[in-house]
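Here is the file input-v6.cif (mmCIF, C-alpha atoms).
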data_query
#
loop_
_atom_site.label_atom_id
_atom_site.label_comp_id
_atom_site.auth_asym_id
_atom_site.auth_seq_id
_atom_site.Cartn_x
_atom_site.Cartn_y
_atom_site.Cartn_z
CA MET A 365 197.83 58.06 -61.55
CA SER A 366 194.49 59.65 -62.29
CA LEU A 367 191.48 58.10 -60.58
CA ASP A 368 188.10 59.38 -61.68
CA PRO A 369 185.87 59.64 -58.56
CA VAL A 370 182.13 59.32 -58.76
CA GLN A 371 180.66 62.51 -57.47
CA VAL A 372 177.31 63.63 -56.22
CA MET A 373 176.22 66.64 -58.28
CA LYS A 374 178.09 69.80 -57.30
CA GLY A 375 177.68 72.76 -59.64
CA GLN A 376 178.78 72.86 -63.24
CA ASP A 377 182.04 72.09 -64.94
CA PRO A 378 181.93 73.84 -68.33
CA MET A 379 184.59 72.78 -70.82
CA ALA A 380 185.25 74.91 -73.86
CA LEU A 381 185.44 72.29 -76.56
CA ASN A 382 184.21 71.80 -80.07
CA LEU A 383 185.34 68.31 -80.92
CA PRO A 384 185.17 65.96 -83.92
CA LEU A 385 182.34 63.46 -83.89
CA PRO A 386 182.01 59.70 -84.09
CA PRO A 387 180.79 58.09 -87.29
CA ALA A 388 177.95 57.94 -87.53
CA SER A 389 154.84 51.76 -70.77
CA ASN A 390 156.17 48.60 -69.91
CA GLY A 391 155.76 45.78 -67.43
CA ASP A 392 158.43 45.06 -64.88
CA ARG A 393 159.23 41.36 -64.65
CA LYS A 394 162.51 40.58 -62.92
CA ALA A 395 164.96 38.54 -64.94
CA SER A 396 168.34 37.01 -64.26
CA TRP A 397 170.88 34.89 -66.06
CA ASP A 398 169.72 31.89 -64.01
CA GLU A 399 166.29 31.99 -65.66
CA SER A 400 167.65 31.49 -69.17
CA GLU A 401 167.88 28.01 -70.60
CA GLY A 402 171.10 26.76 -72.17
CA PHE A 403 173.43 28.55 -69.74
CA TYR A 404 176.11 27.06 -67.52
CA ASP A 405 178.27 28.20 -64.61
CA SER A 406 181.26 30.22 -65.78
CA VAL A 407 182.74 30.85 -62.34
CA GLY A 408 181.96 27.71 -60.38
CA PRO A 409 179.30 26.82 -57.79
CA LYS A 410 177.29 29.28 -55.74
CA ASN A 411 179.35 31.10 -53.16
CA PRO A 412 177.48 32.31 -50.05
CA LYS A 413 179.80 35.32 -49.78
CA SER A 414 179.86 36.39 -53.40
CA GLY A 415 176.23 35.62 -54.28
CA PRO A 416 174.81 33.55 -57.16
CA VAL A 417 177.05 32.44 -59.99
CA ARG A 418 176.80 34.19 -63.31
CA ARG A 419 175.75 32.34 -66.43
CA THR A 420 177.12 32.30 -69.93
CA ARG A 421 175.71 30.47 -72.92
CA LYS A 422 177.55 27.31 -73.83
CA VAL A 423 178.41 26.91 -77.50
CA GLU A 424 180.65 24.57 -79.40
CA GLY A 425 184.25 25.43 -78.61
CA GLY A 426 183.63 27.19 -75.28
CA ILE A 427 181.94 30.26 -73.81
CA PHE A 428 179.97 32.61 -76.04
CA PHE A 429 181.55 36.07 -76.33
CA PRO A 430 180.74 38.44 -79.20
CA LYS A 431 183.55 39.87 -81.29
CA PRO A 432 183.97 43.59 -80.49
CA GLU A 433 183.28 44.61 -84.08
CA ASN A 434 179.89 42.84 -84.00
CA ALA A 435 178.74 43.95 -80.55
CA VAL A 436 177.46 47.24 -79.14
CA THR A 437 180.37 47.90 -76.80
CA VAL A 438 179.76 50.00 -73.70
CA ALA A 439 182.87 50.86 -71.69
CA VAL A 440 182.26 51.94 -68.10
CA SER A 441 184.72 53.31 -65.60
CA SER A 442 184.93 51.37 -62.35
CA ARG A 443 184.22 54.65 -60.58
CA VAL A 444 180.81 55.07 -62.19
CA LEU A 445 179.86 51.41 -62.03
CA PHE A 446 180.64 51.28 -58.30
CA ARG A 447 180.89 53.71 -55.37
CA THR A 448 184.53 54.12 -54.38
CA GLU A 449 184.68 57.50 -52.61
CA LYS A 450 186.33 56.05 -49.50
CA GLU A 451 189.08 54.48 -51.57
CA GLN A 452 189.60 57.69 -53.49
CA LYS A 453 190.11 59.54 -50.21
CA VAL A 454 192.83 57.05 -49.24
CA PHE A 455 194.54 57.66 -52.59
CA GLU A 456 194.38 61.44 -52.27
CA GLU A 457 195.54 61.57 -48.63
CA LYS A 458 198.08 58.72 -48.48
CA GLY A 459 199.24 58.08 -52.04
CA VAL A 460 199.16 55.24 -54.49
CA GLU A 461 201.08 52.63 -52.48
CA GLU A 462 198.80 52.93 -49.45
CA TYR A 463 195.82 52.98 -51.81
CA ILE A 464 196.82 49.67 -53.41
CA LYS A 465 197.53 48.18 -49.99
CA TYR A 466 194.11 49.28 -48.75
CA GLN A 467 192.36 47.77 -51.77
CA MET A 468 194.15 44.46 -51.30
CA GLU A 469 193.30 44.37 -47.59
CA HIS A 470 189.62 44.93 -48.42
CA GLU A 471 189.39 42.87 -51.60
CA ASN A 472 186.67 40.61 -50.19
CA GLU A 473 184.44 43.60 -49.44
CA PRO A 474 182.29 44.39 -52.50
CA PHE A 475 181.79 47.96 -53.67
CA ALA A 476 178.27 49.40 -53.56
CA PRO A 477 176.51 50.15 -56.89
CA GLY A 478 177.33 53.45 -58.60
CA PRO A 479 175.34 55.58 -61.08
CA ALA A 480 176.03 53.31 -64.07
CA PHE A 481 174.99 50.14 -62.25
CA PRO A 482 171.25 50.13 -63.14
CA PHE A 483 172.13 51.01 -66.75
CA VAL A 484 174.53 48.04 -66.99
CA LYS A 485 171.95 45.71 -65.42
CA ALA A 486 169.43 46.89 -68.02
CA LEU A 487 171.91 46.14 -70.82
CA GLU A 488 172.25 42.60 -69.48
CA THR A 489 168.47 42.22 -69.40
CA VAL A 490 168.30 43.17 -73.09
CA ASN A 491 171.01 40.60 -73.83
CA ILE A 492 168.96 37.85 -72.19
CA ARG A 493 166.02 38.67 -74.47
CA LEU A 494 168.27 38.85 -77.54
CA ARG A 495 169.80 35.46 -76.80
CA GLU A 496 166.35 33.94 -76.44
CA LEU A 497 165.38 35.21 -79.90
CA TYR A 498 168.76 34.93 -81.66
CA PRO A 499 170.84 32.24 -79.92
CA GLU A 500 173.79 32.47 -82.31
CA SER A 501 173.85 36.23 -82.92
CA GLU A 502 176.80 38.36 -81.80
CA GLU A 503 174.75 41.56 -81.99
CA LEU A 504 174.59 42.08 -78.24
CA PHE A 505 175.69 44.61 -75.67
CA ASP A 506 179.27 43.92 -74.62
CA ILE A 507 180.37 45.64 -71.40
CA VAL A 508 184.01 46.50 -70.79
CA LEU A 509 185.12 47.63 -67.33
CA VAL A 510 187.73 50.38 -67.66
CA THR A 511 189.88 51.45 -64.73
CA TYR A 512 193.11 53.36 -64.19
CA ASN A 513 193.79 51.06 -61.25
CA HIS A 514 196.80 48.79 -60.77
CA ALA A 515 196.10 45.17 -61.66
CA HIS A 516 196.25 44.19 -57.95
CA VAL A 517 192.97 46.07 -57.46
CA GLY A 518 191.37 43.84 -60.10
CA VAL A 519 190.74 41.10 -57.54
CA ARG A 520 188.38 43.33 -55.58
CA LEU A 521 186.65 44.44 -58.78
CA ILE A 522 186.13 40.83 -59.87
CA ASN A 523 184.83 39.89 -56.44
CA THR A 524 182.42 42.82 -56.60
CA ILE A 525 181.19 41.84 -60.07
CA ASN A 526 180.56 38.29 -58.88
CA HIS A 527 178.82 39.55 -55.74
CA HIS A 528 176.39 41.62 -57.80
CA ASN A 529 175.91 38.84 -60.37
CA LEU A 530 177.08 41.00 -63.27
CA PHE A 531 178.26 39.50 -66.53
CA ILE A 532 181.42 41.48 -67.26
CA GLU A 533 184.37 39.46 -68.51
CA ARG A 534 186.32 42.17 -70.35
CA PHE A 535 188.56 44.38 -68.23
CA CYS A 536 190.96 47.19 -69.06
CA MET A 537 193.23 48.02 -66.09
CA THR A 538 195.71 50.65 -67.25
CA GLY A 539 197.75 51.38 -64.10
CA GLY A 540 197.28 55.13 -64.45
CA SER A 541 197.66 55.37 -68.24
CA SER A 542 194.95 56.75 -70.51
CA PRO A 543 192.46 54.09 -71.65
CA ILE A 544 191.43 55.88 -74.84
CA GLY A 545 193.61 53.84 -77.21
CA TYR A 546 192.13 50.65 -75.79
CA LEU A 547 188.61 52.02 -76.26
CA LYS A 548 189.28 52.37 -79.97
CA ALA A 549 190.60 48.80 -80.13
CA TRP A 550 187.37 47.59 -78.47
CA HIS A 551 185.28 49.40 -81.13
CA THR A 552 183.61 51.24 -78.25
CA ASN A 553 180.13 52.64 -78.96
CA LEU A 554 179.83 54.49 -75.65
CA TYR A 555 182.24 55.41 -72.84
CA LEU A 556 180.95 56.45 -69.42
CA SER A 557 183.29 57.95 -66.85
CA ALA A 558 183.46 60.38 -63.95
CA ASP A 559 186.65 61.93 -65.35
CA ALA A 560 185.84 64.99 -67.48
CA GLU A 561 189.28 65.06 -69.11
CA LYS A 562 189.06 61.44 -70.25
CA VAL A 563 185.55 62.03 -71.60
CA GLN A 564 186.84 64.99 -73.63
CA GLU A 565 189.75 62.90 -74.86
CA ALA A 566 187.37 60.16 -76.00
CA LEU A 567 185.13 62.65 -77.81
CA ALA A 568 188.18 64.11 -79.55
CA GLU A 569 188.98 60.61 -80.82
CA GLY A 570 185.47 60.15 -82.21
CA ILE A 571 184.14 57.98 -79.37
CA ALA A 572 180.71 58.77 -77.92
CA ALA A 573 181.35 59.62 -74.28
CA ALA A 574 179.79 61.33 -71.27
CA LYS A 575 180.62 62.19 -67.67
CA MET A 576 178.15 60.65 -65.23
CA PHE A 577 176.64 62.19 -62.11
CA MET A 578 174.77 60.41 -59.35
CA PRO A 579 171.73 61.88 -57.58
CA GLU A 580 171.75 61.98 -53.80
CA LYS A 581 168.50 60.02 -53.94
CA GLN A 582 168.21 57.86 -57.04
CA MET A 583 164.77 56.99 -58.42
CA GLU A 584 163.69 53.43 -59.14
CA VAL A 585 163.98 52.36 -62.77
CA SER A 586 162.58 49.51 -64.83
CA GLU A 587 164.19 46.10 -64.41
CA THR A 588 162.85 44.75 -67.70
CA GLN A 589 163.26 47.66 -70.13
CA LEU A 590 166.31 49.77 -70.95
CA ARG A 591 165.29 53.44 -71.16
CA VAL A 592 167.70 55.97 -72.65
CA ALA A 593 166.88 59.67 -73.00
CA PHE A 594 168.76 62.13 -75.20
CA ASP A 595 168.86 65.88 -75.58
CA GLY A 596 168.82 67.02 -79.21
CA ASP A 597 171.26 69.77 -80.20
CA ALA A 598 174.94 69.06 -79.47
CA VAL A 599 174.03 65.52 -78.39
CA LEU A 600 172.17 63.73 -81.21
CA PHE A 601 172.59 66.67 -83.58
CA SER A 602 175.41 69.14 -84.12
CA ASP A 603 175.49 72.46 -82.28
CA GLU A 604 174.76 74.44 -85.48
CA SER A 605 171.38 75.75 -84.30
CA GLU A 606 172.59 76.38 -80.75
CA ARG A 607 175.33 78.59 -82.21
CA ILE A 608 172.70 80.73 -83.93
CA PHE A 609 170.81 81.07 -80.66
CA LYS A 610 173.91 81.99 -78.65
CA ALA A 611 175.06 84.56 -81.22
CA HIS A 612 171.78 86.16 -82.29
CA GLY A 613 169.04 85.23 -79.81
CA LEU A 614 165.81 83.24 -79.86
CA ASP A 615 164.01 85.09 -82.67
CA LYS A 616 166.91 84.55 -85.08
CA PHE A 617 167.06 80.92 -83.99
CA PHE A 618 163.39 80.38 -84.89
CA GLU A 619 163.90 82.18 -88.20
CA HIS A 620 166.94 80.04 -88.99
CA GLU A 621 165.05 76.83 -88.24
CA ARG A 622 162.09 77.82 -90.43
CA GLU A 623 164.38 78.73 -93.32
CA ASN A 624 166.29 75.45 -92.96
CA GLU A 625 163.34 73.19 -92.21
CA ASN A 626 164.24 70.84 -95.06
CA THR A 627 167.99 70.98 -94.48
CA LEU A 628 169.21 68.11 -92.35
CA LEU A 629 171.08 68.83 -89.16
CA ASP A 630 174.58 67.41 -88.98
CA HIS A 631 175.18 64.54 -86.58
CA GLY A 632 176.19 65.01 -82.96
CA PRO A 633 178.42 62.92 -80.69
CA LEU A 634 175.70 60.50 -79.50
CA LYS A 635 174.03 59.84 -82.87
CA GLY A 636 176.04 56.65 -83.32
CA PHE A 637 174.89 55.23 -79.99
CA LEU A 638 171.24 55.92 -80.87
CA GLU A 639 171.86 54.12 -84.16
CA ALA A 640 173.25 51.13 -82.28
CA LEU A 641 170.19 51.05 -80.01
CA GLY A 642 167.91 51.29 -83.04
CA LYS A 643 169.66 48.38 -84.72
CA LEU A 644 168.98 46.17 -81.70
CA GLN A 645 165.39 47.41 -81.45
CA LYS A 646 164.74 46.30 -85.03
CA LYS A 647 165.83 42.77 -84.12
CA PHE A 648 162.97 42.68 -81.61
CA TYR A 649 160.53 44.24 -84.09
CA ALA A 650 161.43 41.52 -86.63
CA LYS A 651 160.23 38.91 -84.13
CA GLY A 652 156.95 40.69 -83.40
CA HIS A 653 158.08 42.45 -80.21
CA ARG A 654 157.60 46.11 -81.08
CA LEU A 655 155.06 46.71 -78.31
CA ASP A 656 157.07 44.92 -75.62
CA CYS A 657 160.54 45.81 -76.86
CA PRO A 658 163.03 45.91 -73.95
CA ILE A 659 164.68 49.05 -75.35
CA ARG A 660 162.93 52.42 -75.38
CA THR A 661 164.42 55.75 -76.48
CA TYR A 662 163.37 59.34 -75.76
CA LEU A 663 164.16 62.75 -77.20
CA VAL A 664 163.83 65.38 -74.47
CA THR A 665 164.55 68.81 -75.92
CA ALA A 666 163.91 72.43 -74.97
CA ARG A 667 163.04 73.11 -78.63
CA SER A 668 159.50 74.23 -79.42
CA ALA A 669 157.50 71.76 -81.50
CA ALA A 670 155.86 74.16 -83.97
CA SER A 671 158.73 76.66 -84.19
CA SER A 672 161.74 74.37 -84.42
CA GLY A 673 160.74 70.76 -83.83
CA ILE A 674 160.00 69.76 -87.39
CA ARG A 675 163.63 70.03 -88.51
CA ALA A 676 164.75 67.71 -85.73
CA LEU A 677 162.10 65.12 -86.61
CA LYS A 678 162.85 65.30 -90.33
CA THR A 679 166.54 64.80 -89.61
CA LEU A 680 165.90 61.69 -87.53
CA ARG A 681 163.59 60.31 -90.21
CA ALA A 682 166.14 60.95 -92.95
CA TRP A 683 168.77 59.14 -90.89
CA GLY A 684 166.43 56.15 -90.66
CA LEU A 685 166.26 56.45 -86.87
CA GLU A 686 163.13 55.93 -84.82
CA ILE A 687 162.77 57.64 -81.47
CA ASP A 688 160.02 56.09 -79.36
CA GLU A 689 158.94 59.29 -77.63
CA ALA A 690 159.75 62.92 -78.45
CA LEU A 691 159.13 65.65 -75.88
CA PHE A 692 159.41 69.27 -77.08
CA LEU A 693 159.37 71.35 -73.90
CA ALA A 694 159.63 74.89 -75.34
CA GLY A 695 162.05 75.90 -72.61
CA ALA A 696 160.26 74.22 -69.70
CA PRO A 697 162.41 72.39 -67.12
CA LYS A 698 163.40 68.86 -68.14
CA GLY A 699 163.64 67.41 -64.63
CA PRO A 700 159.91 66.78 -64.06
CA MET A 701 159.54 65.05 -67.45
CA LEU A 702 162.56 62.87 -66.79
CA GLU A 703 161.08 61.96 -63.42
CA LYS A 704 158.08 60.52 -65.28
CA ILE A 705 160.21 58.73 -67.89
CA ARG A 706 162.56 57.23 -65.29
CA PRO A 707 165.43 56.63 -67.73
CA HIS A 708 168.48 54.60 -66.80
CA ILE A 709 170.53 57.46 -68.23
CA TYR A 710 169.90 60.91 -69.70
CA PHE A 711 172.45 62.67 -71.95
CA ASP A 712 172.67 66.48 -72.20
CA ASP A 713 175.39 68.92 -73.26
CA GLN A 714 174.36 71.64 -70.78
CA MET A 715 175.21 71.31 -67.11
CA PHE A 716 172.14 73.39 -66.27
CA HIS A 717 169.88 70.59 -67.55
CA VAL A 718 172.08 67.86 -66.06
CA GLU A 719 171.77 69.52 -62.66
CA GLY A 720 168.01 69.80 -63.02
CA ALA A 721 167.74 66.11 -63.89
CA VAL A 722 169.94 65.04 -60.99
CA GLU A 723 167.95 67.15 -58.53
CA MET A 724 164.85 65.14 -59.51
CA GLY A 725 166.63 61.80 -59.00
CA THR A 726 167.64 61.00 -62.60
CA VAL A 727 171.07 59.58 -63.40
CA ALA A 728 172.37 62.11 -65.92
CA ALA A 729 175.48 62.30 -68.07
CA HIS A 730 177.15 65.44 -69.37
CA VAL A 731 178.36 65.47 -72.99
CA PRO A 732 180.99 68.26 -73.05
CA TYR A 733 180.57 69.19 -76.68
CA GLY A 734 179.68 72.34 -78.57
CA ILE A 735 179.16 76.04 -78.06
CA ALA A 736 177.31 75.61 -74.76
CA GLN A 737 180.62 74.72 -73.09
CA LYS A 738 181.91 78.24 -73.84
CA TYR A 739 178.66 79.98 -72.93
CA PRO A 740 176.95 77.91 -70.23
CA HIS A 741 173.25 78.37 -69.59
CA LYS A 742 172.37 80.90 -66.89
CA LYS A 743 169.42 80.50 -64.56
CA GLY A 744 166.41 82.48 -65.71
CA SER A 745 167.50 82.66 -69.35
CA ASN A 746 165.69 81.02 -72.25
CA SER A 747 167.14 78.02 -74.02
CA ALA A 748 166.65 77.06 -77.64
CA LYS A 749 167.37 73.40 -77.07
#

Show me this structure written as structure tokens.
Amino acid sequence: MSLDPVQVMKGQDPMALNLPLPPASNGDRKASWDESEGFYDSVGPKNPKSGPVRRTRKVEGGIFFPKPENAVTVAVSSRVLFRTEKEQKVFEEKGVEEYIKYQMEHENEPFAPGPAFPFVKALETVNIRLRELYPESEELFDIVLVTYNHAHVGVRLINTINHHNLFIERFCMTGGSSPIGYLKAWHTNLYLSADAEKVQEALAEGIAAAKMFMPEKQMEVSETQLRVAFDGDAVLFSDESERIFKAHGLDKFFEHERENENTLLDHGPLKGFLEALGKLQKKFYAKGHRLDCPIRTYLVTARSAASSGIRALKTLRAWGLEIDEALFLAGAPKGPMLEKIRPHIYFDDQMFHVEGAVEMGTVAAHVPYGIAQKYPHKKGSNSAK
């Protein structure tokens, strides 16, 4: 059995991969399922031990759940949604049977929130707003909890979800087997895990995926707006330009970008997820909520604006994608900018930038794709992206 532990940032974990790709400021008002009209109890009355009941919208024929092919499906490992380091230690030191026994003995003790927890809460906040505007629409975020755990451990996970008032009804408990085939069946738009091998496996199957890291001291994030920040090359775009930089240096990189200014960059592993976010944003725009949209996206790239930024912007425009804010840092550290943005998650292909973000308190996710996995960034060196 392979259990993917959440880990506080410790150095880099470069993976030499070049994988196929998937197809293609803001007030803070607290919201909860209980505030939405037209919802009813899906798990019974309020329990003083497990916290408030969760709410689902009642429709003719039963509870409202979107079909996977219509939803934006985000699959999260139990070990990034919750903190389970103590349990992992039991597994590693005493084996799987003692691990299962321990989980069953403690199944009424909820896990603490992990690095993906604020992100998942923000997805649920967006869903509340979408249901207010489009009561019958299935274009929502659908969260699937993925775990390699034995089904017996599911009781503790369900108790934890109820305790934290999360709306997660779809589980995938594989008993140690790989979950990747199930992710494809769920039409997964994004997979978040703490297991680097499973993330690589997902990317190889064309599923947007990233390995999450948790800061020792996590910054506060918005409770009313989902904020997602992306690196450019090898995340939203292919690693074509980064390959030029690694092989020939910064001057050749700038020359290549000028010569190819009107040539679109190929898509990267997270382009599809940005497209999914953009599709939901447009539903808010259509109802007059552009200025108070509960989804905001950011491009945070080490590219220089004048020397190499125009190609990136033209590519996004040609794809029909809007990015709310674009920060071209010309090689400056990303951590301080991310500290100001306060995203729920930041995606980057270079561990150097992931480490810098985590040091400043940002929840960051490593996308192990492209040439940077073979030639990781070294401190003190320039970066094209």

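For the structure in this document, the set picked by the PyMOL selection byres ((chain A and resi 665-676) around 7) is Asp595, Gly596, Phe618, Glu621, Arg622, Glu625, Asn626, Leu663, Val664, Leu677, Lys678, Thr679, Leu680, Leu691, Phe692, Leu693, Ala694, Gly695, Ala696, Ser747, Ala748 and Lys749 of chain A.
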
field: Residues in the PyMOL selection byres ((chain A and resi 568-580) around 7), expressed as a PyMOL selection string
entry: chain A and resi 371-373+383-386+444+479+552-560+563-567+581-582+633-634+722-723+725-731

Please enclose the listed atoms of region 716-729 of chain A in an axis-aligned box, pad each side by 4 Å, and write out the centre and the three edge lengths in Å, rounded to one decimal, as lines of an AutoDock Vina configuration file.
center_x = 170.2
center_y = 66.5
center_z = -63.3
size_x = 18.6
size_y = 21.8
size_z = 17.5

- prompt: Selected by the PyMOL selection byres ((chain A and resi 522) around 12) in the shown coordinates: which residues, as a count of residues only?
  reply: 32

- prompt: Mind pulling up the distance from CA of Glu584 (chain A) to CA of Arg706 (chain A)?
  reply: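 The value is 7.3 Å.
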
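Of the listed residues A:Ser541, A:Thr627, A:Gln589, A:Gln737, the one whose atoms come nearest to Glu606 (chain A) is A:Gln737, with distances taken using all atoms listed in the file.
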
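Take CA of Ser586 (chain A) and CA of Tyr662 (chain A): the distance between them is 14.7 Å.
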
message: Report, in Å to a single decimal, how far apart CA of Pro430 (chain A) and CA of Ser501 (chain A) are.
response: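 Between CA of Ser501 (chain A) and CA of Pro430 (chain A) the gap works out to 8.1 Å.
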
- request: Could you tell me which of A:Leu590, A:Val436, A:Val460, A:Val585 comes closest to Gly540 (chain A) if we count only C-alpha atoms?
  value: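 With only C-alpha atoms as the atom set, the closest residue is A:Val460.
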